[in-house]
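Note: the block below is coords-v8.txt and it holds compact mmCIF, C-alpha atoms.
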```txt
# COMPACT_ATOMS: atom_id res chain seq x y z
CA MET A 1444 -43.22 22.86 -2.23
CA THR A 1445 -45.19 19.71 -2.81
CA ASP A 1446 -46.68 17.56 -0.07
CA ASP A 1447 -44.08 14.86 -0.79
CA GLU A 1448 -41.24 17.38 -0.51
CA LEU A 1449 -42.69 18.76 2.71
CA GLU A 1450 -43.06 15.24 4.14
CA ALA A 1451 -39.44 14.41 3.18
CA GLN A 1452 -38.22 17.60 4.84
CA LEU A 1453 -40.22 16.79 7.98
CA VAL A 1454 -38.68 13.29 8.16
CA THR A 1455 -35.20 14.81 7.81
CA LEU A 1456 -35.87 17.39 10.52
CA ARG A 1457 -37.26 14.77 12.90
CA ALA A 1458 -34.10 12.68 12.44
CA ARG A 1459 -31.87 15.71 13.06
CA VAL A 1460 -33.78 16.65 16.22
CA GLN A 1461 -33.56 13.04 17.47
CA THR A 1462 -29.79 13.05 16.93
CA LEU A 1463 -29.45 16.33 18.83
CA GLU A 1464 -31.55 14.96 21.69
CA ASP A 1465 -29.43 11.79 21.75
CA VAL A 1466 -26.19 13.78 21.87
CA GLU A 1467 -27.53 15.89 24.75
CA ALA A 1468 -28.65 12.77 26.64
CA ILE A 1469 -25.17 11.24 26.22
CA LYS A 1470 -23.54 14.47 27.40
CA LYS A 1471 -25.79 14.43 30.46
CA LEU A 1472 -24.90 10.78 31.15
CA HIS A 1473 -21.17 11.47 31.03
CA ARG A 1474 -21.38 14.72 33.03
CA THR A 1475 -23.43 12.90 35.68
CA TYR A 1476 -20.81 10.13 35.80
CA ILE A 1477 -18.05 12.71 36.40
CA ARG A 1478 -20.12 14.52 39.02
CA ARG A 1479 -20.69 11.23 40.88
CA LEU A 1480 -16.99 10.42 40.57
CA ALA A 1481 -16.05 13.81 42.04
CA ASP A 1482 -18.62 13.46 44.82
CA ARG A 1483 -17.58 9.84 45.46
CA GLN A 1484 -21.12 8.54 44.90
CA TRP A 1485 -19.82 5.11 43.91
CA HIS A 1486 -23.08 3.25 44.64
CA ASP A 1487 -24.94 5.21 41.93
CA MET A 1488 -22.41 4.64 39.15
CA VAL A 1489 -22.78 0.98 38.16
CA ASP A 1490 -26.30 1.44 36.79
CA MET A 1491 -24.91 3.93 34.27
CA PHE A 1492 -23.33 0.94 32.44
CA THR A 1493 -24.95 -1.77 30.35
CA ALA A 1494 -25.00 -5.22 31.97
CA ASP A 1495 -22.28 -6.39 29.54
CA ALA A 1496 -20.20 -3.20 29.66
CA VAL A 1497 -16.40 -3.13 29.70
CA ALA A 1498 -14.64 -0.41 31.71
CA ASP A 1499 -10.86 -0.04 31.32
CA LEU A 1500 -9.70 2.78 33.60
CA ARG A 1501 -5.96 3.30 33.66
CA GLN A 1502 -3.94 0.81 35.72
CA HIS A 1503 -7.07 -0.95 37.01
CA GLY A 1504 -7.35 -2.99 33.81
CA PRO A 1505 -10.52 -4.05 32.01
CA ARG A 1506 -13.58 -4.91 34.06
CA HIS A 1507 -16.47 -6.80 32.46
CA GLY A 1508 -20.11 -6.50 33.54
CA HIS A 1509 -21.81 -4.94 36.52
CA ALA A 1510 -20.20 -7.16 39.19
CA GLU A 1511 -16.61 -6.42 38.10
CA ILE A 1512 -17.34 -2.73 37.55
CA ALA A 1513 -18.85 -2.57 41.06
CA GLU A 1514 -15.62 -4.15 42.39
CA LEU A 1515 -13.64 -1.48 40.54
CA PHE A 1516 -15.63 1.32 42.17
CA ALA A 1517 -15.28 -0.40 45.57
CA SER A 1518 -11.49 -0.40 45.17
CA MET A 1519 -11.61 3.28 44.19
CA ARG A 1520 -13.71 4.01 47.29
CA ALA A 1521 -11.18 2.20 49.47
CA ALA A 1522 -8.39 4.40 48.06
CA GLY A 1523 -9.81 7.44 49.83
CA ASN A 1524 -11.45 10.73 48.99
CA PRO A 1525 -8.90 13.24 47.76
CA PRO A 1526 -10.28 16.78 47.47
CA ASP A 1527 -9.37 17.04 43.80
CA GLY A 1528 -11.39 18.84 41.16
CA TYR A 1529 -12.50 17.52 37.77
CA VAL A 1530 -13.36 19.24 34.50
CA LEU A 1531 -14.90 17.35 31.57
CA SER A 1532 -14.90 19.07 28.18
CA SER A 1533 -14.65 18.90 24.40
CA PRO A 1534 -17.05 16.05 23.67
CA VAL A 1535 -17.04 14.60 20.17
CA ILE A 1536 -20.10 12.36 19.89
CA ASP A 1537 -21.37 10.40 16.89
CA VAL A 1538 -24.78 8.74 17.06
CA ASP A 1539 -25.97 5.89 14.85
CA ALA A 1540 -29.47 4.80 15.90
CA ASP A 1541 -29.14 3.10 19.32
CA LEU A 1542 -25.33 3.13 19.35
CA ALA A 1543 -22.91 6.01 19.74
CA THR A 1544 -19.23 6.78 20.24
CA GLY A 1545 -17.73 9.60 22.22
CA THR A 1546 -14.35 11.10 23.06
CA TRP A 1547 -13.97 13.54 25.94
CA THR A 1548 -11.13 15.55 27.46
CA TRP A 1549 -10.81 15.34 31.24
CA HIS A 1550 -8.73 17.44 33.62
CA ARG A 1551 -8.02 16.64 37.22
CA HIS A 1552 -6.69 19.37 39.45
CA LEU A 1553 -4.66 17.72 42.19
CA CYS A 1554 -4.00 19.28 45.56
CA GLU A 1555 -2.82 16.57 47.97
CA PHE A 1556 0.10 14.18 47.64
CA PRO A 1557 1.21 11.43 50.05
CA VAL A 1558 4.74 12.21 51.26
CA MET A 1559 6.60 10.14 53.88
CA GLY A 1560 3.53 9.12 55.89
CA SER A 1561 1.87 12.53 55.63
CA VAL A 1562 0.03 14.62 53.08
CA LEU A 1563 1.53 17.58 51.26
CA ARG A 1564 -0.99 20.12 50.04
CA VAL A 1565 0.07 21.85 46.81
CA PHE A 1566 -2.25 23.80 44.53
CA GLY A 1567 -1.73 23.81 40.79
CA PRO A 1568 -0.67 20.35 39.51
CA TRP A 1569 -3.02 18.81 36.96
CA TRP A 1570 -3.50 15.79 34.73
CA GLU A 1571 -5.23 15.58 31.37
CA GLY A 1572 -6.95 12.40 30.30
CA ARG A 1573 -9.08 11.09 27.51
CA TYR A 1574 -12.29 9.11 27.83
CA ARG A 1575 -13.16 7.06 24.76
CA CYS A 1576 -16.54 5.43 25.07
CA THR A 1577 -19.24 3.61 23.25
CA TYR A 1578 -22.82 4.07 24.36
CA ARG A 1579 -25.92 1.98 23.84
CA ARG A 1580 -29.55 2.98 24.27
CA GLU A 1581 -31.46 0.41 26.32
CA ASP A 1582 -35.13 0.86 27.14
CA GLY A 1583 -34.88 4.49 26.06
CA GLN A 1584 -31.85 5.24 28.30
CA TRP A 1585 -28.31 5.84 27.10
CA LYS A 1586 -25.66 3.87 29.01
CA PHE A 1587 -21.95 3.23 28.77
CA ALA A 1588 -21.21 0.06 26.77
CA THR A 1589 -17.43 0.53 26.82
CA MET A 1590 -15.30 3.08 28.63
CA VAL A 1591 -11.55 3.44 28.20
CA PHE A 1592 -9.69 6.12 30.13
CA ARG A 1593 -6.00 7.01 29.86
CA LEU A 1594 -3.87 9.98 30.87
CA VAL A 1595 -2.44 11.93 27.93
CA ALA A 1596 -0.61 14.76 29.76
CA PRO A 1597 1.72 15.61 31.26
CA ASP A 1598 2.72 11.98 30.56
CA CYS A 1599 0.96 9.62 28.19
CA GLU A 1600 -0.19 6.19 29.37
CA PRO A 1601 -0.11 3.21 26.99
CA GLU A 1602 -3.26 2.31 25.11
CA PRO A 1603 -5.00 -0.92 26.10
CA ALA A 1604 -4.15 -3.87 23.88
CA SER A 1605 -7.60 -5.46 24.08
CA ALA A 1606 -10.05 -2.55 23.89
CA PRO A 1607 -12.92 -2.73 21.41
CA GLU A 1608 -12.00 -1.34 17.99
CA ALA A 1609 -14.67 1.36 18.15
CA VAL A 1610 -13.02 2.77 21.25
CA THR A 1611 -9.32 2.63 20.32
CA SER A 1612 -9.59 3.96 16.78
CA ASP A 1613 -11.66 7.12 17.18
CA ALA A 1614 -10.92 10.84 17.34
CA GLY A 1615 -7.16 11.24 17.75
CA ALA A 1616 -6.61 11.02 21.47
CA HIS A 1617 -3.11 12.46 21.45
```

Mind converting the file's structure to structure tokens?
Amino acid sequence: MTDDELEAQLVTLRARVQTLEDVEAIKKLHRTYIRRLADRQWHDMVDMFTADAVADLRQHGPRHGHAEIAELFASMRAAGNPPDGYVLSSPVIDVDADLATGTWTWHRHLCEFPVMGSVLRVFGPWWEGRYRCTYRREDGQWKFATMVFRLVAPDCEPEPASAPEAVTSDAGAH
């Protein structure tokens, strides 16, 4: 192997390692988001988004920028703290320099339901959802640039009409 071939191989390996490190950093970002969601640590979640981020979470509709995303989390906080469990799995992440896309499967295991002014505790019901996100690296940190979340099972929610193309077109959500 010549020096030029060795140098070319080293450049290729460095790029592959960087991509693997980026994918792991994005996985950590999203797992941390879900952990904070489950633990109801709303105050720590806004900084996980870019200043110009768009979050479109189910019926809440799109929220633009830190102030609106903070309002979204405040409304979620006001809704209470159900003792549900969350599982995040099956990430498909593609990295292109300082931008990336990702699709994740999410399961929520429900156990309490409001019934006629009371709460019925039932173990077993679940929902499956899909997160479709774009990520951007800013100052060496990966953050959410867009986040769209919809339920896909047992019933499918409609896709947002105004989501960024990179989010709505990726990785077969259904």

Self-check item: From A:Asp1499, A:Glu1555, A:Asp1541, A:Glu1602, residue lying nearest A:Ile1469 [all atoms listed in the file]
Solution: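 Distance minimum relative to A:Ile1469 lands on A:Asp1541.
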
Quiz item: List as a list of chain:residue names: which residues have an atom within 10 Å of (-24.8, 1.6, 39.9), counting all atoms listed in the file?
Solution: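 Counting all atoms listed in the file, I find these residues within 10 Å of (-24.8, 1.6, 39.9): A:Gln1484, A:Trp1485, A:His1486, A:Asp1487, A:Met1488, A:Val1489, A:Asp1490, A:Met1491, A:Phe1492, A:His1509, A:Ala1510, A:Ile1512, A:Ala1513, A:Phe1516.
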
Quiz item: For A:Ala1596, which residue among A:Leu1453, A:Arg1551, A:Gly1567, A:Cys1576 is the nearest when counting only C-alpha atoms?
Solution: A:Arg1551

Around all the atoms of stretch 1508-1527 of chain A listed in the file, with 3 Å of room on each side, what axis-aligned box do you get, giving centre and edge lengths in Å to one decimal, as lines of an AutoDock Vina configuration file?
```
center_x = -15.1
center_y = 4.9
center_z = 41.7
size_x = 19.4
size_y = 30.2
size_z = 22.3
```

Practice problem: For A:Arg1564, please output as a list in words all residues within 10 Å (counting only C-alpha atoms; exclusion window: fewer than 6 positions along the same chain). | Solution: Leu1553, Cys1554, Glu1555, Phe1556, Pro1557 and Val1558 of chain A

Quiz item: Any idea what the distance is between atom CA of A:Gly1583 and atom CA of A:Ser1533?
Solution: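 Result for atom CA of A:Gly1583 versus atom CA of A:Ser1533: 24.9 Å, one decimal.
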
Quiz item: What is the distance, in Å and to one decimal place, between atom CA of A:Gln1461 and atom CA of A:His1473?
Solution: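 Pair atom CA of A:Gln1461 / atom CA of A:His1473 returns 18.4 Å.
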
Quiz item: If we count only C-alpha atoms, what is near A:Leu1515 at a cut-off of 9 Å, once residues fewer than 6 positions away on the same chain are taken out, given as a ChimeraX atom specification?
Solution: /A:1498,1503,1506

Quiz prompt | Atom pair atom CA of A:Gly1560 / atom CA of A:Pro1525: separation (Å) | solution = 15.4 Å

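Ranking A:Arg1478, A:Thr1544, A:Glu1511, A:Val1530 by their shortest atom-to-atom distance to A:Lys1586, with all atoms listed in the file included, puts A:Thr1544 first.
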
Exercise. Can you pull out every residue within 12 Å of A:Arg1459, counting only C-alpha atoms, but drop anything in the same chain fewer than 6 positions away, and send it as a list in words?
Key: Gln1452, Leu1453, Asp1465, Val1466, Val1538, Asp1539 and Ala1540 of chain A

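Each of A:Arg1483, A:Arg1593, A:His1550, A:Pro1505 was checked against A:Ala1521 using only C-alpha atoms; the smallest atom-to-atom distance is that of A:Arg1483.
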
Self-check item: A:Ala1481 environment, 7 Å, only C-alpha atoms, sequence neighbours closer than 3 positions dropped, as a PyMOL selection string
Solution: chain A and resi 1477-1478+1528-1529
